[in-house]
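The next block is query.txt, given as compact mmCIF, C-alpha atoms.
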```txt
# COMPACT_ATOMS: atom_id res chain seq x y z
CA MET A 57 204.98 111.79 262.24
CA ALA A 58 202.25 111.14 264.79
CA LEU A 59 198.58 111.71 264.15
CA ASP A 60 197.97 114.07 267.06
CA ALA A 61 195.36 116.74 266.49
CA GLY A 62 193.06 118.86 268.64
CA ILE A 63 189.42 118.06 269.25
CA GLY A 64 188.30 120.80 266.85
CA GLU A 65 190.42 119.37 264.05
CA TRP A 66 188.99 115.90 264.57
CA LEU A 67 185.53 117.45 264.54
CA LEU A 68 186.25 119.22 261.23
CA ALA A 69 187.64 116.00 259.74
CA THR A 70 184.57 114.04 260.80
CA LEU A 71 182.27 116.71 259.39
CA LEU A 72 184.16 116.65 256.09
CA LEU A 73 184.01 112.86 255.80
CA PHE A 74 180.34 112.72 256.83
CA SER A 75 179.25 115.39 254.36
CA SER A 76 181.28 113.98 251.46
CA ILE A 77 179.76 110.55 252.02
CA GLY A 78 176.39 112.31 252.12
CA VAL A 79 177.06 113.81 248.67
CA ILE A 80 177.35 110.41 247.03
CA ALA A 81 174.76 108.64 249.19
CA ALA A 82 171.90 111.15 248.98
CA ARG A 83 168.97 110.04 246.84
CA LYS A 84 167.89 113.44 245.55
CA PRO A 85 170.36 115.82 243.90
CA VAL A 86 169.07 118.66 246.10
CA HIS A 87 170.17 116.85 249.24
CA ALA A 88 173.46 115.94 247.58
CA SER A 89 174.12 119.58 246.74
CA LEU A 90 173.30 120.65 250.31
CA PHE A 91 175.76 118.05 251.60
CA PHE A 92 178.25 119.43 249.07
CA LEU A 93 177.73 122.89 250.58
CA LEU A 94 178.57 121.44 254.02
CA THR A 95 181.70 119.87 252.51
CA LEU A 96 182.75 123.22 251.06
CA MET A 97 182.22 124.97 254.39
CA SER A 98 184.30 122.46 256.32
CA LEU A 99 187.00 122.62 253.64
CA ALA A 100 187.07 126.40 253.98
CA ALA A 101 187.48 126.02 257.75
CA ILE A 102 190.39 123.61 257.18
CA TYR A 103 191.99 126.11 254.78
CA LEU A 104 191.71 128.76 257.49
CA GLN A 105 193.46 126.38 259.89
CA LEU A 106 196.23 125.96 257.32
CA SER A 107 196.55 129.79 257.12
CA ALA A 108 195.30 130.06 253.53
CA GLN A 109 192.78 132.85 254.15
CA PHE A 110 192.44 134.03 250.56
CA ILE A 111 191.82 130.51 249.28
CA ALA A 112 189.21 129.91 251.99
CA VAL A 113 187.31 133.03 250.91
CA MET A 114 187.64 132.09 247.23
CA GLN A 115 186.32 128.62 248.05
CA ILE A 116 183.15 130.09 249.54
CA LEU A 117 182.73 132.72 246.81
CA VAL A 118 183.41 130.58 243.75
CA TYR A 119 182.06 127.20 244.83
CA ALA A 120 179.20 128.03 247.18
CA GLY A 121 178.42 131.35 245.53
CA ALA A 122 178.67 130.52 241.84
CA ILE A 123 178.96 126.82 241.02
CA LEU A 124 176.42 125.59 243.55
CA VAL A 125 173.91 128.27 242.54
CA ILE A 126 174.16 127.26 238.86
CA PHE A 127 173.74 123.67 240.00
CA MET A 128 170.57 124.59 241.89
CA PHE A 129 169.18 126.28 238.76
CA VAL A 130 169.80 123.10 236.79
CA ILE A 131 168.02 121.05 239.47
CA VAL A 132 165.04 123.39 239.17
CA LEU A 133 165.01 122.74 235.40
CA PHE A 134 164.95 119.01 236.10
CA GLN A 135 161.73 119.06 238.15
CA ASP A 136 160.02 116.56 235.84
CA ALA A 137 162.74 113.99 236.27
CA TYR A 138 162.25 113.74 240.02
CA GLN A 139 159.93 110.76 239.93
CA GLN A 140 162.43 108.83 237.91
CA ILE A 141 165.30 109.81 240.23
CA VAL A 142 163.39 108.76 243.34
CA HIS A 143 162.43 105.39 241.89
CA HIS A 144 165.89 104.71 240.56
CA LYS A 145 167.89 102.06 242.41
CA SER A 146 171.23 103.42 243.53
CA GLY A 147 172.77 100.79 245.77
CA SER A 148 176.55 100.64 245.50
CA SER A 149 177.63 97.17 244.48
CA PRO A 150 180.67 95.45 246.06
CA PRO A 151 183.00 95.72 243.01
CA PHE A 152 182.75 99.51 243.11
CA LEU A 153 183.46 99.64 246.82
CA PHE A 154 186.39 97.29 246.23
CA ALA A 155 187.73 99.57 243.48
CA ALA A 156 187.49 102.57 245.79
CA ALA A 157 189.19 100.72 248.64
CA ALA A 158 191.95 99.60 246.27
CA SER A 159 192.54 103.15 245.01
CA PHE A 160 192.56 104.43 248.60
CA CYS A 161 195.15 101.83 249.61
CA ALA A 162 197.26 102.63 246.55
CA LEU A 163 197.21 106.32 247.45
CA LEU A 164 198.10 105.47 251.05
CA LEU A 165 201.05 103.35 249.93
CA LEU A 166 202.22 106.06 247.55
CA PHE A 167 202.18 108.60 250.35
CA ALA A 168 203.86 106.25 252.82
CA PHE A 169 206.82 106.13 250.42
CA GLY A 170 206.65 109.79 249.47
CA LEU A 171 206.53 111.07 253.04
CA GLN A 172 209.77 109.39 254.11
CA GLY A 173 212.09 112.34 253.62
CA LEU A 174 209.66 115.01 254.76
CA PRO A 175 210.63 117.39 257.57
CA GLN A 176 208.68 116.75 260.76
CA GLN A 177 207.70 120.33 261.50
CA TYR A 178 205.83 122.95 259.55
CA ALA A 179 208.12 125.51 257.98
CA SER A 180 208.01 129.00 259.45
CA LEU A 181 205.77 131.23 257.41
CA PRO A 182 206.82 134.46 255.68
CA GLU A 183 205.03 137.66 256.67
CA GLY A 184 201.54 137.84 255.13
CA PHE A 185 201.45 134.22 253.95
CA GLY A 186 198.18 133.32 252.24
CA MET A 187 197.00 136.94 252.15
CA VAL A 188 195.86 138.54 248.95
CA GLN A 189 198.84 140.92 248.62
CA LEU A 190 201.57 138.29 248.36
CA LEU A 191 199.37 135.91 246.41
CA GLY A 192 198.45 138.64 243.91
CA LYS A 193 202.12 139.50 243.43
CA GLU A 194 202.89 135.85 242.78
CA LEU A 195 199.94 135.54 240.40
CA TYR A 196 200.55 138.68 238.35
CA ILE A 197 204.36 138.60 238.17
CA ASP A 198 205.64 135.02 238.38
CA PHE A 199 202.55 133.35 236.95
CA PHE A 200 201.53 135.99 234.44
CA PHE A 201 201.34 133.75 231.37
CA PRO A 202 199.41 130.88 233.06
CA PHE A 203 197.05 133.50 234.48
CA GLU A 204 196.29 134.91 231.02
CA ALA A 205 195.98 131.39 229.61
CA VAL A 206 193.45 130.47 232.29
CA ILE A 207 191.47 133.63 231.53
CA LEU A 208 191.34 132.60 227.86
CA LEU A 209 190.29 129.08 228.87
CA PHE A 210 187.47 130.48 230.96
CA LEU A 211 186.30 132.77 228.16
CA VAL A 212 186.23 129.86 225.70
CA ALA A 213 184.38 127.71 228.25
CA VAL A 214 181.69 130.34 228.79
CA VAL A 215 181.19 130.87 225.05
CA GLY A 216 181.07 127.11 224.57
CA ALA A 217 178.53 126.71 227.37
CA LEU A 218 176.34 129.40 225.77
CA TYR A 219 176.53 127.62 222.43
CA ILE A 220 175.90 124.13 223.82
CA GLY A 221 173.05 125.31 226.02
CA LYS A 222 171.23 126.99 223.13
CA LYS A 223 168.01 125.26 222.11
CA GLY A 224 168.34 123.16 218.98
CA SER A 225 172.11 123.21 218.77
CA LEU A 226 172.37 119.45 219.33
CA MET B 183 196.38 121.33 261.48
CA ASN B 184 198.18 118.00 261.39
CA LEU B 185 199.67 117.29 257.96
CA LEU B 186 199.05 113.54 258.15
CA LEU B 187 195.39 114.08 259.00
CA VAL B 188 194.97 116.46 256.07
CA ILE B 189 196.64 114.03 253.66
CA PHE B 190 194.37 111.27 254.92
CA LEU B 191 191.34 113.52 254.44
CA SER B 192 192.25 114.44 250.88
CA MET B 193 192.79 110.78 249.98
CA ALA B 194 189.45 109.90 251.56
CA LEU B 195 187.73 112.65 249.55
CA PHE B 196 189.26 111.29 246.35
CA ALA B 197 188.28 107.68 247.14
CA ILE B 198 184.73 108.69 248.12
CA SER B 199 184.27 110.56 244.85
CA ILE B 200 185.57 107.52 242.92
CA VAL B 201 182.81 105.48 244.59
CA GLY B 202 180.32 108.19 243.65
CA ILE B 203 181.33 108.09 239.99
CA LEU B 204 181.38 104.30 239.77
CA ALA B 205 178.27 103.46 241.79
CA ARG B 206 175.79 106.26 241.03
CA ARG B 207 174.05 106.60 237.68
CA ASN B 208 172.68 110.10 238.13
CA ALA B 209 174.40 112.69 235.92
CA LEU B 210 174.08 115.41 238.57
CA ILE B 211 175.71 113.26 241.25
CA PHE B 212 178.46 112.51 238.72
CA PHE B 213 179.09 116.20 238.40
CA LEU B 214 179.23 116.74 242.17
CA SER B 215 181.61 113.80 242.54
CA ILE B 216 184.01 115.34 240.03
CA GLU B 217 183.91 118.59 241.99
CA LEU B 218 184.70 116.61 245.17
CA MET B 219 187.72 115.10 243.43
CA LEU B 220 189.03 118.55 242.49
CA ASN B 221 188.53 119.61 246.11
CA GLY B 222 190.57 116.66 247.35
CA ALA B 223 193.47 117.71 245.13
CA ASN B 224 193.08 121.31 246.30
CA LEU B 225 193.27 120.26 249.94
CA LEU B 226 196.57 118.52 249.27
CA PHE B 227 197.93 121.62 247.50
CA VAL B 228 197.03 123.82 250.48
CA ALA B 229 198.43 121.36 253.02
CA PHE B 230 201.83 121.10 251.35
CA SER B 231 201.93 124.81 250.63
CA ARG B 232 201.53 125.36 254.38
CA HIS B 233 204.05 122.63 255.16
CA TRP B 234 206.84 124.13 253.07
CA GLY B 235 205.83 127.72 253.68
CA ASN B 236 205.64 128.25 249.91
CA GLN B 237 202.93 130.27 248.19
CA ILE B 238 203.08 128.55 244.80
CA GLY B 239 200.73 125.78 245.97
CA LEU B 240 198.08 128.40 246.70
CA VAL B 241 198.50 129.85 243.19
CA TRP B 242 197.82 126.42 241.75
CA VAL B 243 194.73 126.08 243.93
CA PHE B 244 193.51 129.32 242.36
CA PHE B 245 194.02 127.85 238.87
CA VAL B 246 192.18 124.66 239.86
CA LEU B 247 189.27 126.80 241.08
CA VAL B 248 189.06 128.58 237.72
CA VAL B 249 189.18 125.29 235.81
CA ALA B 250 186.45 123.91 238.10
CA ALA B 251 184.25 126.90 237.32
CA ALA B 252 184.81 126.46 233.57
CA GLU B 253 184.06 122.76 233.89
CA ALA B 254 180.85 123.55 235.79
CA ALA B 255 179.66 125.88 233.01
CA VAL B 256 180.36 123.43 230.17
CA GLY B 257 179.34 120.28 232.06
CA LEU B 258 176.01 121.66 233.20
CA ALA B 259 175.25 122.92 229.68
CA ILE B 260 175.92 119.44 228.32
CA ILE B 261 173.75 117.84 231.03
CA ILE B 262 170.88 120.25 230.25
CA ASN B 263 171.11 119.49 226.54
CA LEU B 264 171.18 115.73 227.14
CA PHE B 265 168.16 116.08 229.42
CA ARG B 266 166.29 117.95 226.67
CA LEU B 267 167.17 115.17 224.24
CA LYS B 268 166.25 112.15 226.40
CA GLN B 269 164.16 113.49 229.30
CA LEU B 270 166.41 111.40 231.54
CA VAL B 271 169.32 112.06 233.89
CA ASP B 272 170.43 108.43 234.01
CA VAL B 273 173.89 108.19 232.41
CA ASP B 274 173.26 104.59 231.30
CA GLN B 275 170.58 105.87 228.92
CA TYR B 276 172.95 108.28 227.17
CA ASN B 277 174.07 105.95 224.39
CA ALA B 278 173.76 108.09 221.27
CA LEU B 279 177.48 107.84 220.50
CA ARG B 280 177.54 104.04 220.79
CA GLU B 281 175.38 103.21 217.79
```
Can you dump the structure from the file as structure tokens?
Amino acid sequence: MALDAGIGEWLLATLLLFSSIGVIAARKPVHASLFFLLTLMSLAAIYLQLSAQFIAVMQILVYAGAILVIFMFVIVLFQDAYQQIVHHKSGSSPPFLFAAAASFCALLLLFAFGLQGLPQQYASLPEGFGMVQLLGKELYIDFFFPFEAVILLFLVAVVGALYIGKKGSL
Amino acid sequence: MNLLLVIFLSMALFAISIVGILARRNALIFFLSIELMLNGANLLFVAFSRHWGNQIGLVWVFFVLVVAAAEAAVGLAIIINLFRLKQLVDVDQYNALRE
């Protein structure tokens, strides 16, 4: 399988890599979260390229709309800690980079073996693939129990967050 | 989009977030790195769902999104509480469970 892709796809890939490196390299958490927003946007564009429209929209709504906003609120709460964050040394030492390179190579090897029997071409898509109608049918009929379980998980998580976040509970 | 390129990208996302978790000591960057990791897995789900023309991968992406949101709520609450306790966001200083 050759690595041929259009100029736009290479551009998206570069943007994704650049912004994700920015997330871990930025000194201040605000800059890191802005880089994270860029990562999410480029990921949503890639999802659109892979004809997963509903997931692309959910990515923007849930991540950029909800998680990142909560994150920004937390950063605002941490105003006093900024001095300490700025003065903190954050150089990545060689062992960590080595560990990351090793894990990357291990993943690459794993995929090189796993991809052997894969068909060369994309499968033809059914009508309405990635749209909310088919996905909703799948979610509510075939995945009904996991869906309910995940709802329960989310409810418990929100109640737990309320309890943990309360003043004087720790 | 080319499947090989997408696989490479998702692996790169995962490796970059491993570096972020190992090398940075800021609790907030930790949190963002974990979210990046989840996104790398999601990208792989979407790519193979497109490759096989099968919707089930997209359903799992939806579940991962919900779990990420739950994790964000609980994780940020814990970080806020630790910050109240120590006035620090440096994870090396969080050693209350060690003693």
I want to know what sits within 9 Å of range 201-203 of chain B, based on only C-alpha atoms, with residues of the same chain fewer than 3 positions away left out; could you give that as a list in words? Ile77, Val79, Ile80, Ala81, Ser148, Phe152, Leu153, Ala155, Ala156 and Ala157 of chain A; Phe196, Ala197, Ile198, Arg206, Arg207, Ile211, Phe212, Phe213, Leu214, Ser215 and Ile216 of chain B
Distance query Lys193 in chain A at most 12 Å, all atoms listed in the file, self and fewer than 5 positions along chain excluded, as a list in words: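 The neighbour list is Gly184, Phe185, Gly186, Met187, Val188, Asp198, Phe199, Phe200 and Phe203 of chain A; Gln237, Ile238 and Val241 of chain B.
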Do you know which residues are at most 9 Å from range 71-75 of chain A counting all atoms listed in the file, after dropping those on the same chain fewer than 6 positions away, and could you put them as an MDAnalysis selection string? (chainID A and resid 88 90:99) or (chainID B and resid 191 194:195 198)
Kindly give the distance, in Å, that separates CA of Ala229 in chain B and CA of Ala205 in chain B, rounded to a single decimal. 29.2 Å
Top pick for closest residue to Val206 in chain A, considering B:Val228, B:Ala209, B:Leu258, B:Val248 and counting only C-alpha atoms: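 Looking at the shortest contact to Val206 in chain A, the residue is B:Val248.
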Report, in Å with one decimal, the straight-line distance from CA of Ala158 in chain A to CA of His87 in chain A.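 Pair CA of Ala158 in chain A / CA of His87 in chain A returns 27.9 Å.
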From CA of Gln189 in chain A to CA of Trp242 in chain B the spacing works out at 16.1 Å
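With distances restricted to only C-alpha atoms, A:Ser89 is the closest residue to Tyr119 in chain A from A:Ser89, A:Ser159, A:Thr70, A:Gln172.
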Counting only C-alpha atoms, figure out which residue out of B:Ala223, B:Leu186, B:Val273, B:Ile262 gets nearest to Val132 in chain A.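 Comparing B:Ala223, B:Leu186, B:Val273, B:Ile262 against Val132 in chain A, the winner is B:Ile262.
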For Lys268 in chain B, the closest of A:Ala213, A:Ile197, A:Pro182, A:Phe134 counting only C-alpha atoms is A:Phe134
His233 in chain B environment, 9 Å, all atoms listed in the file, sequence neighbours closer than 6 positions dropped, as an MDAnalysis selection string: (chainID A and resid 106 175 177:180) or (chainID B and resid 185)
C-alpha atoms of range 64-133 of chain A from block above, as a JSON list (two decimals), in the first residue's frame:
```
[["chain", "number", "residue", "atom", "x", "y", "z"],
["A", 64, "GLY", "CA", -4.46, 18.95, 1.14],
["A", 65, "GLU", "CA", -4.12, 15.70, 3.05],
["A", 66, "TRP", "CA", -0.43, 16.27, 3.63],
["A", 67, "LEU", "CA", -1.26, 19.77, 4.81],
["A", 68, "LEU", "CA", -3.84, 18.41, 7.28],
["A", 69, "ALA", "CA", -1.37, 15.81, 8.53],
["A", 70, "THR", "CA", 1.32, 18.44, 9.05],
["A", 71, "LEU", "CA", -1.12, 20.70, 10.87],
["A", 72, "LEU", "CA", -2.18, 17.82, 13.13],
["A", 73, "LEU", "CA", 1.41, 16.87, 13.98],
["A", 74, "PHE", "CA", 2.47, 20.50, 14.52],
["A", 75, "SER", "CA", -0.45, 21.30, 16.81],
["A", 76, "SER", "CA", -0.14, 18.10, 18.84],
["A", 77, "ILE", "CA", 3.54, 18.77, 19.41],
["A", 78, "GLY", "CA", 2.51, 22.30, 20.41],
["A", 79, "VAL", "CA", 0.17, 20.86, 23.06],
["A", 80, "ILE", "CA", 2.99, 19.15, 24.92],
["A", 81, "ALA", "CA", 5.66, 21.78, 24.22],
["A", 82, "ALA", "CA", 3.74, 24.93, 25.20],
["A", 83, "ARG", "CA", 4.86, 26.52, 28.45],
["A", 84, "LYS", "CA", 1.52, 27.92, 29.58],
["A", 85, "PRO", "CA", -1.59, 25.73, 29.77],
["A", 86, "VAL", "CA", -3.57, 28.40, 27.88],
["A", 87, "HIS", "CA", -1.33, 28.05, 24.85],
["A", 88, "ALA", "CA", -1.44, 24.27, 25.19],
["A", 89, "SER", "CA", -5.24, 24.32, 25.18],
["A", 90, "LEU", "CA", -5.29, 26.60, 22.11],
["A", 91, "PHE", "CA", -2.97, 24.16, 20.33],
["A", 92, "PHE", "CA", -5.34, 21.39, 21.45],
["A", 93, "LEU", "CA", -8.19, 23.29, 19.80],
["A", 94, "LEU", "CA", -6.18, 23.37, 16.55],
["A", 95, "THR", "CA", -5.61, 19.61, 16.90],
["A", 96, "LEU", "CA", -9.34, 19.02, 17.33],
["A", 97, "MET", "CA", -10.15, 21.12, 14.27],
["A", 98, "SER", "CA", -7.70, 19.28, 12.05],
["A", 99, "LEU", "CA", -8.97, 15.95, 13.40],
["A", 100, "ALA", "CA", -12.52, 16.99, 12.53],
["A", 101, "ALA", "CA", -11.37, 17.84, 9.00],
["A", 102, "ILE", "CA", -9.73, 14.41, 8.71],
["A", 103, "TYR", "CA", -12.97, 12.77, 9.91],
["A", 104, "LEU", "CA", -14.83, 14.66, 7.19],
["A", 105, "GLN", "CA", -12.33, 13.31, 4.64],
["A", 106, "LEU", "CA", -13.04, 9.81, 5.94],
["A", 107, "SER", "CA", -16.80, 10.45, 5.46],
["A", 108, "ALA", "CA", -17.65, 10.38, 9.18],
["A", 109, "GLN", "CA", -19.70, 13.59, 9.22],
["A", 110, "PHE", "CA", -21.58, 12.93, 12.45],
["A", 111, "ILE", "CA", -18.39, 12.13, 14.35],
["A", 112, "ALA", "CA", -16.72, 15.28, 13.01],
["A", 113, "VAL", "CA", -19.59, 17.41, 14.30],
["A", 114, "MET", "CA", -19.60, 15.58, 17.65],
["A", 115, "GLN", "CA", -15.85, 16.15, 17.90],
["A", 116, "ILE", "CA", -16.32, 19.91, 17.60],
["A", 117, "LEU", "CA", -19.39, 20.01, 19.88],
["A", 118, "VAL", "CA", -18.16, 17.77, 22.68],
["A", 119, "TYR", "CA", -14.43, 18.49, 22.71],
["A", 120, "ALA", "CA", -14.16, 22.10, 21.59],
["A", 121, "GLY", "CA", -17.56, 23.08, 22.93],
["A", 122, "ALA", "CA", -17.66, 21.34, 26.30],
["A", 123, "ILE", "CA", -14.36, 19.84, 27.45],
["A", 124, "LEU", "CA", -12.13, 22.70, 26.33],
["A", 125, "VAL", "CA", -14.46, 25.29, 27.86],
["A", 126, "ILE", "CA", -14.38, 23.51, 31.24],
["A", 127, "PHE", "CA", -10.61, 23.35, 30.87],
["A", 128, "MET", "CA", -10.47, 27.11, 30.28],
["A", 129, "PHE", "CA", -12.54, 27.70, 33.44],
["A", 130, "VAL", "CA", -10.06, 25.63, 35.42],
["A", 131, "ILE", "CA", -7.16, 27.64, 33.99],
["A", 132, "VAL", "CA", -8.92, 30.81, 35.11],
["A", 133, "LEU", "CA", -9.15, 29.35, 38.63]]
```
